[in-house]
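Undergrad: Next comes the structure file input-v4.csv, holding CSV, C-alpha atoms.
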chain,number,residue,atom,x,y,z
A,1,MET,CA,-94.3,-22.5,-41.9
A,2,ALA,CA,-95.0,-19.0,-40.8
A,3,LYS,CA,-93.1,-16.2,-42.5
A,4,PRO,CA,-89.9,-15.5,-40.7
A,5,LYS,CA,-90.1,-12.5,-38.6
A,6,PRO,CA,-87.0,-10.4,-38.1
A,7,ARG,CA,-86.3,-8.5,-35.0
A,8,VAL,CA,-83.4,-6.1,-34.4
A,9,LYS,CA,-82.3,-4.0,-31.4
A,10,VAL,CA,-80.3,-0.9,-32.2
A,11,PRO,CA,-79.9,2.2,-30.1
A,12,LYS,CA,-82.0,5.1,-31.5
A,13,THR,CA,-79.4,7.7,-30.7
A,14,ALA,CA,-75.7,7.6,-30.1
A,15,ALA,CA,-72.7,9.9,-29.6
A,16,LYS,CA,-70.2,10.2,-32.5
A,17,GLY,CA,-67.6,7.5,-32.4
A,18,GLU,CA,-69.5,5.4,-29.9
A,19,VAL,CA,-69.3,1.6,-30.4
A,20,LEU,CA,-72.9,0.2,-30.5
A,21,GLU,CA,-74.0,-3.3,-29.8
A,22,ILE,CA,-76.6,-4.5,-32.3
A,23,LYS,CA,-78.7,-7.6,-31.6
A,24,THR,CA,-80.7,-9.4,-34.2
A,25,LEU,CA,-83.0,-12.4,-34.2
A,26,ILE,CA,-85.2,-14.0,-36.9
A,27,THR,CA,-87.8,-16.7,-36.5
A,28,HIS,CA,-86.7,-19.5,-38.8
A,29,LYS,CA,-86.6,-23.3,-38.4
A,30,MET,CA,-83.1,-23.6,-39.8
A,31,GLU,CA,-83.8,-27.2,-41.0
A,32,SER,CA,-80.4,-28.8,-40.9
A,33,GLY,CA,-81.0,-31.6,-43.5
A,34,GLN,CA,-80.0,-34.2,-40.8
A,35,ARG,CA,-83.5,-34.8,-39.3
A,36,LYS,CA,-85.7,-37.6,-40.5
A,37,ASP,CA,-89.4,-37.5,-41.0
A,38,LYS,CA,-90.8,-39.8,-38.2
A,39,LYS,CA,-93.6,-41.2,-40.4
A,40,THR,CA,-91.8,-41.9,-43.7
A,41,GLY,CA,-88.2,-42.2,-42.4
A,42,GLU,CA,-87.0,-39.9,-45.2
A,43,LYS,CA,-84.6,-37.1,-44.5
A,44,ILE,CA,-86.1,-33.6,-44.4
A,45,PRO,CA,-84.3,-31.5,-46.9
A,46,GLN,CA,-82.1,-28.7,-45.7
A,47,LYS,CA,-83.6,-25.2,-45.6
A,48,ILE,CA,-81.7,-22.6,-43.7
A,49,ILE,CA,-80.8,-18.9,-43.8
A,50,ASN,CA,-77.3,-19.0,-45.3
A,51,LYS,CA,-76.3,-15.4,-45.3
A,52,PHE,CA,-76.8,-12.4,-43.0
A,53,VAL,CA,-75.7,-8.9,-43.9
A,54,CYS,CA,-75.8,-5.7,-42.0
A,55,ALA,CA,-75.2,-2.5,-44.0
A,56,PHE,CA,-75.2,1.1,-42.9
A,57,ASN,CA,-76.2,3.8,-45.5
A,58,GLY,CA,-75.6,1.2,-48.2
A,59,LYS,CA,-72.1,0.2,-47.1
A,60,GLU,CA,-71.6,-3.3,-45.6
A,61,VAL,CA,-70.6,-3.2,-42.0
A,62,PHE,CA,-70.9,-6.9,-40.9
A,63,SER,CA,-71.9,-10.1,-42.6
A,64,ALA,CA,-72.0,-13.8,-41.7
A,65,ASP,CA,-72.3,-17.1,-43.6
A,66,TRP,CA,-74.3,-19.6,-41.7
A,67,HIS,CA,-74.1,-23.4,-42.0
A,68,PRO,CA,-76.7,-25.9,-40.8
A,69,ALA,CA,-75.0,-25.9,-37.3
A,70,ILE,CA,-76.7,-22.5,-36.5
A,71,SER,CA,-79.6,-23.0,-34.1
A,72,ALA,CA,-83.2,-22.4,-35.0
A,73,ASN,CA,-84.4,-18.8,-34.7
A,74,PRO,CA,-80.8,-17.6,-35.4
A,75,PHE,CA,-79.5,-14.9,-33.1
A,76,MET,CA,-76.6,-12.7,-34.0
A,77,SER,CA,-75.1,-9.9,-32.1
A,78,PHE,CA,-72.2,-7.7,-33.1
A,79,TYR,CA,-70.8,-4.1,-32.9
A,80,ALA,CA,-70.8,-1.0,-35.1
A,81,VAL,CA,-69.2,2.4,-34.8
A,82,ALA,CA,-71.6,5.4,-34.9
A,83,THR,CA,-70.2,7.8,-37.4
A,84,GLU,CA,-73.2,9.6,-38.8
A,85,SER,CA,-77.0,9.5,-38.7
A,86,GLY,CA,-78.5,7.0,-41.1
A,87,THR,CA,-80.2,3.7,-41.6
A,88,PHE,CA,-79.1,0.2,-40.8
A,89,GLU,CA,-80.3,-2.4,-43.2
A,90,PHE,CA,-80.4,-6.0,-42.2
A,91,THR,CA,-81.0,-8.8,-44.7
A,92,TRP,CA,-81.3,-12.5,-44.3
A,93,THR,CA,-81.1,-14.8,-47.4
A,94,ASP,CA,-82.8,-18.1,-47.3
A,95,ASP,CA,-81.7,-21.3,-49.1
A,96,ASP,CA,-84.8,-21.0,-51.4
A,97,GLY,CA,-83.7,-17.5,-52.5
A,98,SER,CA,-86.1,-15.5,-50.4
A,99,VAL,CA,-84.8,-12.4,-48.7
A,100,TYR,CA,-86.0,-11.1,-45.4
A,101,SER,CA,-85.1,-7.6,-44.4
A,102,LYS,CA,-85.5,-5.0,-41.7
A,103,THR,CA,-84.2,-1.4,-41.2
A,104,ALA,CA,-83.4,0.7,-38.2
A,105,GLN,CA,-82.7,4.4,-37.9
A,106,LEU,CA,-79.8,5.8,-36.0
A,107,THR,CA,-79.4,9.5,-35.0
A,108,VAL,CA,-75.9,10.6,-34.1
A,109,GLU,CA,-75.8,13.7,-31.9
B,110,MET,CA,-61.2,-77.8,-1.0
B,111,ASN,CA,-63.7,-75.0,-0.5
B,112,GLU,CA,-60.9,-72.5,-0.3
B,113,SER,CA,-59.4,-73.7,-3.6
B,114,LYS,CA,-62.7,-73.6,-5.4
B,115,GLN,CA,-63.2,-70.0,-4.3
B,116,TYR,CA,-59.8,-69.2,-5.5
B,117,ARG,CA,-60.5,-70.8,-8.9
B,118,ASP,CA,-63.8,-68.9,-9.2
B,119,VAL,CA,-62.1,-65.6,-8.5
B,120,SER,CA,-59.4,-66.2,-11.0
B,121,ARG,CA,-61.9,-67.1,-13.7
B,122,ARG,CA,-63.9,-64.0,-13.0
B,123,GLN,CA,-60.7,-61.9,-13.1
B,124,ALA,CA,-59.8,-63.6,-16.4
B,125,LEU,CA,-63.2,-62.7,-17.8
B,126,ILE,CA,-62.9,-59.1,-16.7
B,127,VAL,CA,-59.5,-58.9,-18.3
B,128,VAL,CA,-60.7,-60.4,-21.5
B,129,GLY,CA,-63.8,-58.2,-21.5
B,130,ALA,CA,-61.8,-55.0,-20.9
B,131,GLY,CA,-59.3,-56.1,-23.5
B,132,GLY,CA,-62.1,-56.6,-26.0
B,133,LEU,CA,-63.6,-53.2,-25.3
B,134,ALA,CA,-60.2,-51.5,-25.5
B,135,ALA,CA,-59.6,-53.2,-28.8
B,136,ALA,CA,-63.0,-52.2,-30.1
B,137,GLY,CA,-62.3,-48.6,-29.0
B,138,LEU,CA,-59.0,-48.6,-30.7
B,139,THR,CA,-60.4,-49.7,-34.0
B,140,LEU,CA,-63.4,-47.4,-33.9
B,141,LEU,CA,-62.4,-44.2,-32.2
B,142,PRO,CA,-59.2,-43.0,-33.8
B,143,GLN,CA,-60.7,-43.5,-37.3
B,144,ALA,CA,-63.8,-41.4,-36.6
B,145,ALA,CA,-61.8,-38.7,-34.7
B,146,SER,CA,-59.1,-38.4,-37.3
B,147,ALA,CA,-61.7,-38.2,-40.2
B,148,ASP,CA,-63.5,-35.3,-38.5
B,149,ALA,CA,-60.3,-33.5,-37.4
B,150,ALA,CA,-59.0,-34.0,-40.9
B,151,ALA,CA,-62.2,-32.5,-42.3
B,152,VAL,CA,-61.8,-29.5,-40.1
B,153,ASP,CA,-58.1,-29.2,-41.1
B,154,ALA,CA,-59.0,-29.5,-44.7
B,155,ALA,CA,-61.7,-26.8,-44.4
B,156,ILE,CA,-59.3,-24.5,-42.6
B,157,LYS,CA,-56.6,-25.1,-45.3
B,158,GLY,CA,-59.2,-24.3,-48.0
B,159,LEU,CA,-59.9,-21.0,-46.3
B,160,ILE,CA,-56.5,-19.7,-45.4
B,161,GLY,CA,-54.2,-21.5,-47.9
B,162,GLY,CA,-50.7,-22.5,-46.8
B,163,LYS,CA,-50.5,-20.1,-43.8
B,164,THR,CA,-49.7,-21.5,-40.4
B,165,PRO,CA,-52.2,-20.4,-37.8
B,166,GLN,CA,-50.8,-19.0,-34.5
B,167,ALA,CA,-52.3,-19.3,-31.1
B,168,GLY,CA,-53.7,-16.3,-29.2
B,169,ARG,CA,-55.6,-13.1,-29.8
B,170,ILE,CA,-59.0,-14.9,-29.8
B,171,THR,CA,-61.3,-15.2,-26.8
B,172,LEU,CA,-63.8,-18.0,-27.2
B,173,ASP,CA,-66.6,-17.7,-24.7
B,174,LEU,CA,-68.4,-21.1,-24.6
B,175,PRO,CA,-70.1,-23.0,-21.8
B,176,GLN,CA,-68.0,-25.9,-20.5
B,177,ILE,CA,-71.1,-28.1,-20.3
B,178,ALA,CA,-74.1,-27.6,-22.7
B,179,GLU,CA,-77.2,-29.3,-21.5
B,180,ASN,CA,-79.0,-28.8,-24.8
B,181,GLY,CA,-76.9,-29.2,-27.9
B,182,ASN,CA,-79.6,-27.4,-29.9
B,183,THR,CA,-78.7,-24.0,-28.7
B,184,VAL,CA,-75.2,-23.5,-27.5
B,185,PRO,CA,-74.3,-19.8,-27.0
B,186,ILE,CA,-70.9,-18.8,-28.5
B,187,THR,CA,-69.2,-15.5,-28.2
B,188,VAL,CA,-66.0,-14.9,-30.1
B,189,GLU,CA,-63.8,-11.8,-29.6
B,190,VAL,CA,-60.6,-11.0,-31.5
B,191,ASP,CA,-58.0,-8.6,-30.0
B,192,SER,CA,-57.6,-6.1,-32.8
B,193,PRO,CA,-57.6,-2.3,-33.0
B,194,MET,CA,-60.1,-2.4,-35.9
B,195,THR,CA,-58.6,0.5,-37.9
B,196,GLU,CA,-58.4,0.7,-41.7
B,197,GLN,CA,-54.8,-0.4,-41.5
B,198,ASP,CA,-55.1,-3.2,-39.0
B,199,TYR,CA,-58.4,-5.1,-38.5
B,200,CYS,CA,-59.8,-8.6,-38.2
B,201,LYS,CA,-61.3,-9.6,-41.5
B,202,ALA,CA,-63.1,-12.8,-40.6
B,203,VAL,CA,-63.6,-15.4,-38.0
B,204,HIS,CA,-64.5,-19.0,-39.0
B,205,ILE,CA,-66.1,-21.3,-36.5
B,206,PHE,CA,-65.9,-25.1,-36.8
B,207,ALA,CA,-67.2,-28.0,-34.7
B,208,ASP,CA,-65.1,-31.1,-35.3
B,209,LYS,CA,-67.7,-33.8,-34.5
B,210,ASN,CA,-70.8,-32.4,-36.1
B,211,PRO,CA,-72.1,-34.1,-39.3
B,212,GLN,CA,-70.8,-31.0,-41.2
B,213,PRO,CA,-67.9,-29.3,-39.4
B,214,GLY,CA,-68.6,-25.7,-40.6
B,215,VAL,CA,-70.7,-23.6,-38.2
B,216,ALA,CA,-70.3,-20.0,-39.4
B,217,SER,CA,-68.0,-17.5,-41.1
B,218,ILE,CA,-68.2,-14.0,-39.7
B,219,ASN,CA,-66.9,-11.1,-41.7
B,220,PHE,CA,-65.9,-7.9,-40.0
B,221,THR,CA,-65.1,-4.5,-41.4
B,222,PRO,CA,-63.3,-1.6,-39.7
B,223,ALA,CA,-66.7,0.0,-39.3
B,224,CYS,CA,-67.5,-2.6,-36.6
B,225,GLY,CA,-65.3,-1.0,-34.1
B,226,LYS,CA,-64.9,-4.2,-32.2
B,227,ALA,CA,-64.2,-7.7,-33.5
B,228,LYS,CA,-66.8,-9.4,-31.3
B,229,ALA,CA,-69.9,-11.4,-32.2
B,230,SER,CA,-72.3,-13.8,-30.6
B,231,THR,CA,-74.6,-16.4,-31.9
B,232,ARG,CA,-76.1,-19.8,-31.0
B,233,MET,CA,-75.1,-23.1,-32.6
B,234,ARG,CA,-76.0,-26.8,-32.6
B,235,LEU,CA,-73.5,-29.4,-31.3
B,236,ALA,CA,-74.2,-33.1,-32.0
B,237,LYS,CA,-72.0,-34.3,-29.1
B,238,THR,CA,-69.2,-33.5,-26.8
B,239,GLN,CA,-66.5,-32.0,-29.0
B,240,ASN,CA,-64.0,-29.2,-29.7
B,241,VAL,CA,-65.1,-25.9,-31.2
B,242,VAL,CA,-62.4,-24.3,-33.2
B,243,ALA,CA,-62.2,-20.6,-34.2
B,244,VAL,CA,-59.9,-19.3,-36.9
B,245,ALA,CA,-59.3,-15.5,-37.3
B,246,GLU,CA,-58.0,-13.9,-40.4
B,247,MET,CA,-56.4,-10.5,-39.9
B,248,SER,CA,-56.0,-7.8,-42.6
B,249,ASP,CA,-52.2,-8.2,-42.6
B,250,GLY,CA,-52.6,-11.8,-43.6
B,251,SER,CA,-51.8,-13.4,-40.3
B,252,VAL,CA,-54.0,-16.2,-39.0
B,253,TYR,CA,-54.9,-17.0,-35.4
B,254,THR,CA,-56.7,-20.0,-33.9
B,255,ALA,CA,-58.3,-21.0,-30.6
B,256,LYS,CA,-60.0,-24.1,-29.5
B,257,ALA,CA,-62.4,-25.0,-26.6
B,258,GLU,CA,-64.1,-28.2,-25.6
B,259,VAL,CA,-67.8,-28.3,-24.9
B,260,LYS,CA,-69.4,-31.2,-23.1
B,261,VAL,CA,-72.9,-31.8,-24.6
B,262,THR,CA,-75.5,-33.6,-22.5
B,263,ILE,CA,-78.2,-33.9,-25.3
B,264,GLY,CA,-77.1,-33.7,-28.9
B,265,GLY,CA,-78.6,-31.1,-31.2
B,266,CYS,CA,-78.6,-32.8,-34.6
B,267,GLY,CA,-81.2,-35.2,-36.1
B,268,GLY,CA,-83.9,-36.5,-33.9
Before we go any further, please render this structure as structure tokens.

TA:
Amino acid sequence: MAKPKPRVKVPKTAAKGEVLEIKTLITHKMESGQRKDKKTGEKIPQKIINKFVCAFNGKEVFSADWHPAISANPFMSFYAVATESGTFEFTWTDDDGSVYSKTAQLTVE
Amino acid sequence: MNESKQYRDVSRRQALIVVGAGGLAAAGLTLLPQAASADAAAVDAAIKGLIGGKTPQAGRITLDLPQIAENGNTVPITVEVDSPMTEQDYCKAVHIFADKNPQPGVASINFTPACGKAKASTRMRLAKTQNVVAVAEMSDGSVYTAKAEVKVTIGGCGG
């Protein structure tokens, strides 16, 4: 499977105190562990992203624990208050321990 | 003679229908409540495990879900909790459950006061027509819950 590709949409600039909408998406199969291999009839083992975290300047803003019921190519949107200029860091943790990450800059005017 | 035969036929047919319906109803009675209660019980147990002995109250949660989902593989869900989101009073977490999925847990969303708004959207899988339950934990320890039914045309698990 191709390496998961994260995508985030964060405004580049914002006014102080503004509530921003952040949209994230990552390409991932999110194998639920319920599907069966059509040839062998055996269950395909579960392999999902189980944790998503968004931090701003090193401080956690938002996080989510995902279960197999989250769709493939998981999408997540949420909100954050613009307090100062800085960096958003997004991390996705896979069942196999790999971590996918992405950053976005925000300038507060 | 002809008339009476006809009458007899009808009555036999009716009898068959009655027996058939009775049989179906009996089968339904033995199968359905067990399955439903097991799943609802699993959701209840999962909620209890998260919130302890607190009693969830209704209200404060807005669950935005389609009434009918054609594709159970990607059902959009938006959950919003009415909360000022200040350091003193904010929504800590929202847990989402689907009571007839193979595993009832869907997601746990953790908010902080830095979110500004306790609102989040994602997409989930639903195996069949069922209730989606959201449980919100507030910073003062109170717990709120909301429920919505989604009719699923094509299930989104297995295959």

Undergrad: Quick one: which chain B residues come within 9 Å of chain A, and what is the nearest atom pair for each with the distance in Å to one decimal, counting all atoms listed in the file, rows ordered by chain and ascending number, as a Markdown table?

TA:
| residue | atom | partner | partner_atom | distance |
| --- | --- | --- | --- | --- |
| B:Asn182 | CA | A:Ser71 | CA | 6.1 |
| B:Thr183 | CA | A:Ser71 | CA | 5.6 |
| B:Val184 | CA | A:Ser71 | CA | 7.9 |
| B:Ala207 | CA | A:Ala69 | CA | 8.5 |
| B:Asn210 | CA | A:Ala69 | CA | 7.8 |
| B:Pro211 | CA | A:Gln34 | CA | 8.0 |
| B:Gln212 | CA | A:Ala69 | CA | 7.7 |
| B:Pro213 | CA | A:Ala69 | CA | 8.1 |
| B:Gly214 | CA | A:His67 | CA | 6.1 |
| B:Val215 | CA | A:Ala69 | CA | 5.0 |
| B:Ala216 | CA | A:Trp66 | CA | 4.6 |
| B:Ser217 | CA | A:Asp65 | CA | 5.0 |
| B:Ile218 | CA | A:Ala64 | CA | 4.3 |
| B:Asn219 | CA | A:Ser63 | CA | 5.2 |
| B:Phe220 | CA | A:Phe62 | CA | 5.2 |
| B:Thr221 | CA | A:Val61 | CA | 5.7 |
| B:Pro222 | CA | A:Val61 | CA | 7.8 |
| B:Ala223 | CA | A:Val81 | CA | 5.7 |
| B:Cys224 | CA | A:Ala80 | CA | 4.0 |
| B:Gly225 | CA | A:Val81 | CA | 5.2 |
| B:Lys226 | CA | A:Tyr79 | CA | 5.9 |
| B:Ala227 | CA | A:Tyr79 | CA | 7.5 |
| B:Lys228 | CA | A:Phe78 | CA | 5.9 |
| B:Ala229 | CA | A:Phe78 | CA | 4.4 |
| B:Ser230 | CA | A:Ser77 | CA | 5.0 |
| B:Thr231 | CA | A:Met76 | CA | 4.7 |
| B:Arg232 | CA | A:Ser71 | CA | 5.7 |
| B:Met233 | CA | A:Ile70 | CA | 4.3 |
| B:Arg234 | CA | A:Ala69 | CA | 4.9 |
| B:Leu235 | CA | A:Ala69 | CA | 7.1 |
| B:Ala236 | CA | A:Ala69 | CA | 9.0 |
| B:Gly265 | CA | A:Ser71 | CA | 8.7 |
| B:Cys266 | CA | A:Gln34 | CA | 6.5 |
| B:Gly267 | CA | A:Arg35 | CA | 4.0 |
| B:Gly268 | CA | A:Arg35 | CA | 5.7 |

Undergrad: Could you tell me how far CA of Asp198 in chain B lies from CA of Ala243 in chain B, in Å and to one decimal?

TA: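 Here the two named atoms are 19.4 Å from each other.
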
Undergrad: Interatomic distance between CA of Ile263 in chain B and CA of Ile170 in chain B?

TA: 27.4 Å

Undergrad: Figure out the distance between CA of Ala55 in chain A and CA of Met194 in chain B, please, to one decimal in Å.

TA: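 Interatomic distance, CA of Met194 in chain B to CA of Ala55 in chain A: 17.1 Å.
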
Undergrad: Excluding Ser85 in chain A and its own-chain neighbours fewer than 3 positions away, which residues fall within 6 Å of it when counting all atoms listed in the file? Please give them as number ranges by chain.

TA: A: 106-108

Undergrad: Determine the nearest neighbour of Lys256 in chain B from the options B:Ala178, B:Val152, B:Leu172, B:Leu159, counting all atoms listed in the file.

TA: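 The shortest atom-to-atom distance to Lys256 in chain B comes from B:Leu172.
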
Undergrad: Find the spatial neighbours of Ala149 in chain B, counting all atoms listed in the file, within a cut-off of 12 Å - ignore same-chain residues fewer than 4 positions away - and output them as a compact mmCIF listing (two decimals) with C-alpha atoms, keeping the file's coordinate frame.

TA:
# COMPACT_ATOMS: atom_id res chain seq x y z
CA PRO B 142 -59.20 -43.00 -33.80
CA GLN B 143 -60.70 -43.50 -37.30
CA ALA B 144 -63.80 -41.40 -36.60
CA ALA B 145 -61.80 -38.70 -34.70
CA ASP B 153 -58.10 -29.20 -41.10
CA ALA B 154 -59.00 -29.50 -44.70
CA ALA B 155 -61.70 -26.80 -44.40
CA ILE B 156 -59.30 -24.50 -42.60
CA PHE B 206 -65.90 -25.10 -36.80
CA ALA B 207 -67.20 -28.00 -34.70
CA ASP B 208 -65.10 -31.10 -35.30
CA LYS B 209 -67.70 -33.80 -34.50
CA ASN B 210 -70.80 -32.40 -36.10
CA PRO B 211 -72.10 -34.10 -39.30
CA GLN B 212 -70.80 -31.00 -41.20
CA PRO B 213 -67.90 -29.30 -39.40
CA GLY B 214 -68.60 -25.70 -40.60
CA GLN B 239 -66.50 -32.00 -29.00
CA ASN B 240 -64.00 -29.20 -29.70
CA VAL B 241 -65.10 -25.90 -31.20
CA VAL B 242 -62.40 -24.30 -33.20

Undergrad: If I put a ball of radius 10 Å at (-79.0, -21.2, -51.8) in the file's coordinates, which residues poke into it when counting only C-alpha atoms, written as a list of chain:residue names?

TA: A:Lys47, A:Ile48, A:Ile49, A:Asn50, A:Lys51, A:Thr93, A:Asp94, A:Asp95, A:Asp96, A:Gly97, A:Ser98

Undergrad: Need the neighbours of (-84.2, -5.7, -34.1): which residues are at most 10 Å away, counting only C-alpha atoms, as a PyMOL selection string?

TA: chain A and resi 6-11+22-26+90+102-104

Undergrad: Near Thr164 in chain B, within 12 Å and counting all atoms listed in the file, which residues show up once chain neighbours fewer than 6 positions away are dropped, as a PyMOL selection string?

TA: chain B and resi 153+156-157+244-246+250-254

Undergrad: Counting all atoms listed in the file, which of B:Glu196, B:Asp173, B:Glu189, B:Asp148 gets nearest to Glu258 in chain B?

TA: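 Smallest separation from Glu258 in chain B among the options: B:Asp173.
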